[in-house]
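Data from start.txt: compact mmCIF, C-alpha atoms
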# COMPACT_ATOMS: atom_id res chain seq x y z
CA GLN Q 10 94.14 81.97 123.02
CA LYS Q 11 94.64 83.99 119.86
CA GLU Q 12 98.03 83.59 118.22
CA VAL Q 13 98.59 87.34 118.33
CA GLU Q 14 97.10 89.52 121.07
CA GLN Q 15 96.81 93.28 120.82
CA ASP Q 16 95.07 95.85 122.99
CA PRO Q 17 92.49 97.64 120.79
CA GLY Q 18 92.81 100.97 122.61
CA PRO Q 19 92.00 103.69 121.67
CA LEU Q 20 95.27 105.34 122.54
CA SER Q 21 95.15 109.14 122.55
CA VAL Q 22 98.36 111.18 122.72
CA PRO Q 23 99.39 114.80 122.11
CA GLU Q 24 101.38 115.73 119.05
CA GLY Q 25 105.10 115.18 119.56
CA ALA Q 26 104.69 112.33 122.05
CA ILE Q 27 106.52 109.02 121.81
CA VAL Q 28 104.03 106.26 121.13
CA SER Q 29 104.51 102.63 122.09
CA LEU Q 30 102.25 100.00 120.54
CA ASN Q 31 102.56 96.41 121.68
CA CYS Q 32 101.53 92.86 120.85
CA THR Q 33 102.22 89.45 122.28
CA TYR Q 34 102.34 86.20 120.36
CA SER Q 35 102.07 82.60 121.42
CA ASN Q 36 104.13 80.47 119.02
CA SER Q 37 107.91 80.75 119.22
CA ALA Q 38 108.23 79.27 115.71
CA PHE Q 39 107.08 82.57 114.20
CA GLN Q 40 109.83 84.32 112.30
CA TYR Q 41 108.51 87.39 110.50
CA PHE Q 42 106.63 90.09 112.33
CA MET Q 43 104.87 92.94 110.62
CA TRP Q 44 103.13 96.17 111.40
CA TYR Q 45 100.33 97.38 109.16
CA ARG Q 46 98.77 100.84 109.27
CA GLN Q 47 95.14 101.35 108.37
CA TYR Q 48 93.64 104.79 107.86
CA SER Q 49 89.91 105.24 108.27
CA ARG Q 50 87.90 103.77 105.38
CA LYS Q 51 91.04 102.33 103.75
CA GLY Q 52 92.67 98.93 103.57
CA PRO Q 53 95.73 98.14 105.73
CA GLU Q 54 99.15 98.71 104.24
CA LEU Q 55 102.50 97.37 105.39
CA LEU Q 56 104.42 99.82 107.53
CA MET Q 57 107.39 97.73 108.65
CA TYR Q 58 108.50 94.18 109.13
CA THR Q 59 111.24 92.56 111.20
CA TYR Q 60 112.75 89.13 111.04
CA SER Q 61 113.32 86.98 114.12
CA SER Q 62 114.43 89.36 116.84
CA GLY Q 63 116.00 92.76 117.33
CA ASN Q 64 115.21 96.25 116.11
CA LYS Q 65 114.48 97.83 112.79
CA GLU Q 66 114.29 101.57 112.29
CA ASP Q 67 112.67 103.57 109.51
CA GLY Q 68 112.53 107.30 110.07
CA ARG Q 69 110.35 108.01 113.10
CA PHE Q 70 109.30 104.37 113.38
CA THR Q 71 111.10 101.56 115.20
CA ALA Q 72 109.91 97.95 115.26
CA GLN Q 73 111.23 95.68 117.96
CA VAL Q 74 110.86 91.96 118.63
CA ASP Q 75 111.76 90.31 121.92
CA LYS Q 76 111.60 86.56 121.31
CA SER Q 77 112.35 85.66 124.92
CA SER Q 78 109.16 87.33 126.09
CA LYS Q 79 107.24 86.91 122.78
CA TYR Q 80 106.67 90.64 122.58
CA ILE Q 81 106.36 92.82 119.46
CA SER Q 82 106.56 96.60 119.73
CA LEU Q 83 106.24 99.60 117.45
CA PHE Q 84 107.60 102.95 118.61
CA ILE Q 85 106.68 106.21 116.94
CA ARG Q 86 108.83 109.23 117.75
CA ASP Q 87 107.59 112.81 117.42
CA SER Q 88 104.09 111.60 116.66
CA GLN Q 89 102.01 113.65 114.21
CA PRO Q 90 98.25 113.98 113.69
CA SER Q 91 98.79 112.23 110.36
CA ASP Q 92 99.87 109.13 112.35
CA SER Q 93 96.29 108.77 113.59
CA ALA Q 94 95.21 105.37 112.33
CA THR Q 95 94.71 101.79 113.40
CA TYR Q 96 97.94 99.81 113.73
CA LEU Q 97 97.79 96.05 113.29
CA CYS Q 98 100.57 93.69 114.25
CA ALA Q 99 100.89 90.42 112.39
CA ARG Q 100 103.10 87.39 112.27
CA GLY Q 101 104.20 85.58 109.16
CA GLY Q 102 106.50 82.67 108.42
CA GLY Q 103 106.84 79.79 110.85
CA GLY Q 104 105.80 77.28 108.21
CA SER Q 105 102.52 78.95 107.30
CA TYR Q 106 101.98 81.45 104.52
CA ILE Q 107 98.91 82.90 106.16
CA PRO Q 108 99.66 85.92 108.33
CA THR Q 109 97.81 86.12 111.63
CA PHE Q 110 96.73 89.57 112.78
CA GLY Q 111 96.15 91.16 116.13
CA ARG Q 112 92.90 93.05 116.61
CA GLY Q 113 94.55 96.41 115.91
CA THR Q 114 95.15 99.44 118.15
CA SER Q 115 93.43 102.71 117.32
CA LEU Q 116 95.84 105.64 117.73
CA ILE Q 117 94.71 109.25 117.91
CA VAL Q 118 97.34 112.01 117.86
CA HIS Q 119 95.75 115.33 118.69
CA PRO Q 120 97.32 118.69 117.83
CA ASP U 29 102.59 99.99 92.29
CA VAL U 30 100.73 96.90 93.38
CA LYS U 31 97.05 97.36 92.98
CA VAL U 32 94.26 95.32 94.51
CA THR U 33 90.90 96.55 93.33
CA GLN U 34 87.60 95.75 94.96
CA SER U 35 84.77 96.53 92.60
CA SER U 36 82.26 97.89 95.12
CA ARG U 37 83.15 100.19 98.00
CA TYR U 38 79.65 100.34 99.49
CA LEU U 39 76.75 97.92 99.07
CA VAL U 40 73.33 97.70 100.65
CA LYS U 41 71.50 94.40 100.25
CA ARG U 42 68.42 92.76 101.68
CA THR U 43 68.29 89.61 103.77
CA GLY U 44 68.27 86.54 101.55
CA GLU U 45 69.86 88.19 98.53
CA LYS U 46 72.86 86.65 96.82
CA VAL U 47 75.86 88.95 97.01
CA PHE U 48 79.01 88.94 94.90
CA LEU U 49 82.16 90.78 95.97
CA GLU U 50 84.82 90.99 93.29
CA CYS U 51 88.55 91.48 93.71
CA VAL U 52 91.24 91.87 91.06
CA GLN U 53 95.03 92.14 91.55
CA ASP U 54 97.57 93.19 88.95
CA MET U 55 100.81 91.77 90.42
CA ASP U 56 100.55 88.15 89.31
CA HIS U 57 100.32 87.05 92.96
CA GLU U 58 99.68 83.40 93.63
CA ASN U 59 97.83 83.90 96.92
CA MET U 60 94.57 85.75 97.41
CA PHE U 61 92.55 86.20 100.58
CA TRP U 62 89.19 87.41 101.81
CA TYR U 63 88.91 88.87 105.32
CA ARG U 64 86.13 90.53 107.19
CA GLN U 65 86.84 93.27 109.69
CA ASP U 66 84.55 94.11 112.57
CA PRO U 67 85.07 96.52 115.49
CA GLY U 68 86.75 94.78 118.40
CA LEU U 69 87.27 91.56 116.44
CA GLY U 70 89.99 92.64 114.01
CA LEU U 71 90.66 90.85 110.74
CA ARG U 72 89.18 87.39 110.40
CA LEU U 73 90.06 85.15 107.49
CA ILE U 74 87.11 83.81 105.51
CA TYR U 75 88.79 81.98 102.62
CA PHE U 76 92.06 82.00 100.80
CA SER U 77 93.34 80.65 97.52
CA TYR U 78 96.89 79.70 96.60
CA ASP U 79 96.24 78.95 92.95
CA VAL U 80 93.58 79.07 90.27
CA LYS U 81 90.58 76.90 91.18
CA MET U 82 92.15 76.13 94.57
CA LYS U 83 90.60 77.34 97.80
CA GLU U 84 90.98 76.74 101.51
CA LYS U 85 88.66 77.61 104.36
CA GLY U 86 89.80 80.21 106.81
CA ASP U 87 88.53 80.80 110.33
CA ILE U 88 84.95 81.80 109.51
CA PRO U 89 83.84 80.26 106.18
CA GLU U 90 80.23 79.55 107.16
CA GLY U 91 77.76 81.37 104.95
CA TYR U 92 80.39 82.20 102.31
CA SER U 93 81.84 80.64 99.21
CA VAL U 94 84.57 81.76 96.81
CA SER U 95 85.56 81.41 93.20
CA ARG U 96 88.92 81.76 91.51
CA GLU U 97 88.68 81.02 87.81
CA LYS U 98 91.56 83.31 86.83
CA LYS U 99 94.78 84.06 88.69
CA GLU U 100 94.07 87.76 89.03
CA ARG U 101 90.46 87.49 90.22
CA PHE U 102 89.02 86.20 93.49
CA SER U 103 85.32 86.47 94.22
CA LEU U 104 83.49 86.17 97.52
CA ILE U 105 79.90 85.00 97.39
CA LEU U 106 77.25 85.29 100.06
CA GLU U 107 74.65 82.75 98.96
CA SER U 108 71.88 84.18 101.16
CA ALA U 109 72.88 87.36 102.92
CA SER U 110 72.01 87.77 106.58
CA THR U 111 72.18 90.79 108.86
CA ASN U 112 75.13 89.32 110.78
CA GLN U 113 77.15 89.52 107.57
CA THR U 114 77.04 93.30 107.70
CA SER U 115 80.74 94.13 107.80
CA MET U 116 83.80 95.52 106.04
CA TYR U 117 85.21 92.95 103.60
CA LEU U 118 88.87 93.17 102.64
CA CYS U 119 90.55 91.37 99.79
CA ALA U 120 94.32 90.85 99.81
CA SER U 121 96.98 89.17 97.71
CA SER U 122 100.59 88.06 98.18
CA TRP U 123 103.42 86.10 96.66
CA VAL U 124 104.05 82.62 98.00
CA ILE U 125 106.01 82.63 101.24
CA HIS U 126 109.32 81.46 99.81
CA LYS U 127 109.50 84.53 97.59
CA SER U 128 108.93 87.06 100.32
CA THR U 129 107.98 87.72 103.92
CA GLY U 130 104.39 87.01 103.03
CA GLU U 131 103.41 90.68 102.95
CA LEU U 132 99.76 91.13 102.10
CA PHE U 133 98.57 93.83 99.72
CA PHE U 134 95.05 94.92 100.54
CA GLY U 135 92.24 96.49 98.59
CA GLU U 136 90.33 99.49 99.89
CA GLY U 137 87.54 97.34 101.29
CA SER U 138 83.87 96.78 100.55
CA ARG U 139 81.44 97.89 103.21
CA LEU U 140 78.37 95.68 103.06
CA THR U 141 75.15 96.47 104.89
CA VAL U 142 72.45 93.79 104.98
CA LEU U 143 69.00 95.04 105.90
Represent the structure of the file as structure tokens.
Amino acid sequence: QKEVEQDPGPLSVPEGAIVSLNCTYSNSAFQYFMWYRQYSRKGPELLMYTYSSGNKEDGRFTAQVDKSSKYISLFIRDSQPSDSATYLCARGGGGSYIPTFGRGTSLIVHP
Amino acid sequence: DVKVTQSSRYLVKRTGEKVFLECVQDMDHENMFWYRQDPGLGLRLIYFSYDVKMKEKGDIPEGYSVSREKKERFSLILESASTNQTSMYLCASSWVIHKSTGELFFGEGSRLTVL
């Protein structure tokens, strides 16, 4: 079992929709959780991170961690075509300095 | 801004050739990483380095080697390229974990095609 599991999609939504992207993880020792965004033909870049559990909001984006169910979520409100990208969840911390990534979910927001 | 620069964006090589992929970072990061990214498989770690001349194998090191002679530079070497090494290669760097969350800063990627 991979440490971080993520449905690769693709996920296609109309502009303005609320998007929910999800991952599960296996090791409860993990502390930091991150979301990276990767546009086509570019390297990933950090979008948000959360520590331990709870929510973190940044504009239209909300990252949520539920440690009881080992679930990581990213919500995008009022989605825009410019949000079309691959979103990768990752875990950090937990005694290792090597982040572990999910496979990434391809999101397409059509006008 | 943090910058991770991969010298070649697109390469086409023949089976059996030796291939060098170069990566340079300008943030004085201790850690550097090489990943490959394939459709449906996500990011897979090939090698990483936590200091000059230090290296550790990742999940898929077979067929690859690395070199880190200077802190800012991390090279990936394919000794004898094969068609199954056709992929997107991503270099990344980070501070050590106790200084940060371990955020990785990625380069733009090098797309290698082996014929």
With chain Q as the partner and 10 Å as the cut-off, tabulate the residues of chain U that qualify, each row holding the nearest pair of atoms and their distance in Å to one decimal, using all atoms listed in the file, sorted by chain and rising number, as JSON lines.
{"residue": "U:Val32", "atom": "CA", "partner": "Q:Gly52", "partner_atom": "CA", "distance": 9.9}
{"residue": "U:Arg37", "atom": "CA", "partner": "Q:Arg50", "partner_atom": "CA", "distance": 9.5}
{"residue": "U:Asn59", "atom": "CA", "partner": "Q:Tyr106", "partner_atom": "CA", "distance": 9.0}
{"residue": "U:Phe61", "atom": "CA", "partner": "Q:Ile107", "partner_atom": "CA", "distance": 9.1}
{"residue": "U:Gln65", "atom": "CA", "partner": "Q:Arg112", "partner_atom": "CA", "distance": 9.2}
{"residue": "U:Asp66", "atom": "CA", "partner": "Q:Arg112", "partner_atom": "CA", "distance": 9.3}
{"residue": "U:Pro67", "atom": "CA", "partner": "Q:Arg112", "partner_atom": "CA", "distance": 8.6}
{"residue": "U:Gly68", "atom": "CA", "partner": "Q:Arg112", "partner_atom": "CA", "distance": 6.6}
{"residue": "U:Leu69", "atom": "CA", "partner": "Q:Arg112", "partner_atom": "CA", "distance": 5.8}
{"residue": "U:Gly70", "atom": "CA", "partner": "Q:Arg112", "partner_atom": "CA", "distance": 3.9}
{"residue": "U:Leu71", "atom": "CA", "partner": "Q:Phe110", "partner_atom": "CA", "distance": 6.5}
{"residue": "U:Arg72", "atom": "CA", "partner": "Q:Phe110", "partner_atom": "CA", "distance": 8.2}
{"residue": "U:Leu73", "atom": "CA", "partner": "Q:Thr109", "partner_atom": "CA", "distance": 8.8}
{"residue": "U:Phe76", "atom": "CA", "partner": "Q:Ile107", "partner_atom": "CA", "distance": 8.7}
{"residue": "U:Tyr78", "atom": "CA", "partner": "Q:Tyr106", "partner_atom": "CA", "distance": 9.6}
{"residue": "U:Gly86", "atom": "CA", "partner": "Q:Ile107", "partner_atom": "CA", "distance": 9.5}
{"residue": "U:Met116", "atom": "CA", "partner": "Q:Arg50", "partner_atom": "CA", "distance": 9.2}
{"residue": "U:Tyr117", "atom": "CA", "partner": "Q:Gly52", "partner_atom": "CA", "distance": 9.6}
{"residue": "U:Leu118", "atom": "CA", "partner": "Q:Gly52", "partner_atom": "CA", "distance": 7.0}
{"residue": "U:Cys119", "atom": "CA", "partner": "Q:Gly52", "partner_atom": "CA", "distance": 8.7}
{"residue": "U:Ala120", "atom": "CA", "partner": "Q:Gly52", "partner_atom": "CA", "distance": 9.1}
{"residue": "U:Ser122", "atom": "CA", "partner": "Q:Tyr106", "partner_atom": "CA", "distance": 9.3}
{"residue": "U:Trp123", "atom": "CA", "partner": "Q:Tyr106", "partner_atom": "CA", "distance": 9.2}
{"residue": "U:Val124", "atom": "CA", "partner": "Q:Tyr106", "partner_atom": "CA", "distance": 6.9}
{"residue": "U:Ile125", "atom": "CA", "partner": "Q:Tyr106", "partner_atom": "CA", "distance": 5.3}
{"residue": "U:His126", "atom": "CA", "partner": "Q:Tyr106", "partner_atom": "CA", "distance": 8.7}
{"residue": "U:Ser128", "atom": "CA", "partner": "Q:Gly102", "partner_atom": "CA", "distance": 9.5}
{"residue": "U:Thr129", "atom": "CA", "partner": "Q:Tyr41", "partner_atom": "CA", "distance": 6.6}
{"residue": "U:Gly130", "atom": "CA", "partner": "Q:Tyr106", "partner_atom": "CA", "distance": 6.2}
{"residue": "U:Glu131", "atom": "CA", "partner": "Q:Leu55", "partner_atom": "CA", "distance": 7.2}
{"residue": "U:Leu132", "atom": "CA", "partner": "Q:Leu55", "partner_atom": "CA", "distance": 7.6}
{"residue": "U:Phe133", "atom": "CA", "partner": "Q:Glu54", "partner_atom": "CA", "distance": 6.7}
{"residue": "U:Phe134", "atom": "CA", "partner": "Q:Gly52", "partner_atom": "CA", "distance": 5.6}
{"residue": "U:Gly135", "atom": "CA", "partner": "Q:Gly52", "partner_atom": "CA", "distance": 5.6}
{"residue": "U:Glu136", "atom": "CA", "partner": "Q:Gly52", "partner_atom": "CA", "distance": 4.4}
{"residue": "U:Gly137", "atom": "CA", "partner": "Q:Gly52", "partner_atom": "CA", "distance": 5.8}
{"residue": "U:Ser138", "atom": "CA", "partner": "Q:Arg50", "partner_atom": "CA", "distance": 9.4}
{"residue": "U:Arg139", "atom": "CA", "partner": "Q:Arg50", "partner_atom": "CA", "distance": 9.0}
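Going from CA of Ser35 in chain U over to CA of Val52 in chain U, you cover 8.1 Å.
Atom pair CA of Glu90 in chain U / CA of Val47 in chain U has a distance of 14.5 Å (rounded to one decimal).
In terms of minimum interatomic distance to Asn31 in chain Q, Q:Leu83 ranks closest within Q:Gln73, Q:Arg46, Q:Asp67, Q:Leu83, counting all atoms listed in the file.
Using only C-alpha atoms for every distance, the candidate list Q:Ile27, Q:Val13, Q:Cys32, Q:Ala38 yields Q:Ile27 as the residue closest to Thr71 in chain Q.
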Option closest in space to Ser21 in chain Q, from Q:Leu56, Q:Val118, Q:Cys98, Q:Ile85 [counting all atoms listed in the file]: Q:Val118
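Interatomic distance, CA of Ile88 in chain U to CA of Thr111 in chain U: 15.6 Å.
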Of the listed residues U:Leu39, U:Phe48, U:Val80, U:Ser121, that which approaches Ser93 in chain U most closely, counting all atoms listed in the file: U:Phe48
Contacts of Leu20 in chain Q within 7 Å, all atoms listed in the file, excl. fewer than 6 positions in-chain, as a ChimeraX atom specification: /Q:115-117
Within 6 Å of file point (101.0, 80.5, 122.0), counting all atoms listed in the file, expressed as a ChimeraX atom specification: /Q:12,35-36
Near-Arg42 in chain U list (6 Å; all atoms listed in the file; drop same-chain fewer than 3 positions) as a PyMOL selection string: chain U and resi 45+142-143
Selection near Lys85 in chain U, 8 Å with all atoms listed in the file, sequence-local residues under 4 positions removed, as a JSON list (two decimals) with C-alpha atoms, in the frame of the given file:
[["chain", "number", "residue", "atom", "x", "y", "z"],
["U", 74, "ILE", "CA", 87.11, 83.81, 105.51],
["U", 75, "TYR", "CA", 88.79, 81.98, 102.62],
["U", 76, "PHE", "CA", 92.06, 82.00, 100.80],
["U", 89, "PRO", "CA", 83.84, 80.26, 106.18]]
Spatial neighbours of Thr141 in chain U, max dist 10 Å, all atoms listed in the file, sep filter under 6 positions, as a PyMOL selection string: chain U and resi 38-43+109-116
Would you put the residues from that selection into a file with C-alpha atoms, as a compact mmCIF listing (two decimals), keeping the file's coordinate frame?
# COMPACT_ATOMS: atom_id res chain seq x y z
CA TYR U 38 79.65 100.34 99.49
CA LEU U 39 76.75 97.92 99.07
CA VAL U 40 73.33 97.70 100.65
CA LYS U 41 71.50 94.40 100.25
CA ARG U 42 68.42 92.76 101.68
CA THR U 43 68.29 89.61 103.77
CA ALA U 109 72.88 87.36 102.92
CA SER U 110 72.01 87.77 106.58
CA THR U 111 72.18 90.79 108.86
CA ASN U 112 75.13 89.32 110.78
CA GLN U 113 77.15 89.52 107.57
CA THR U 114 77.04 93.30 107.70
CA SER U 115 80.74 94.13 107.80
CA MET U 116 83.80 95.52 106.04
Find the smallest box with edges along x, y and z containing every listed atom of range 74-91 of chain U, then add 8 Å on each side and report centre and edge lengths in Å to one decimal, as JSON.
{"center_x": 87.3, "center_y": 80.0, "center_z": 100.3, "size_x": 35.1, "size_y": 23.7, "size_z": 36.1}
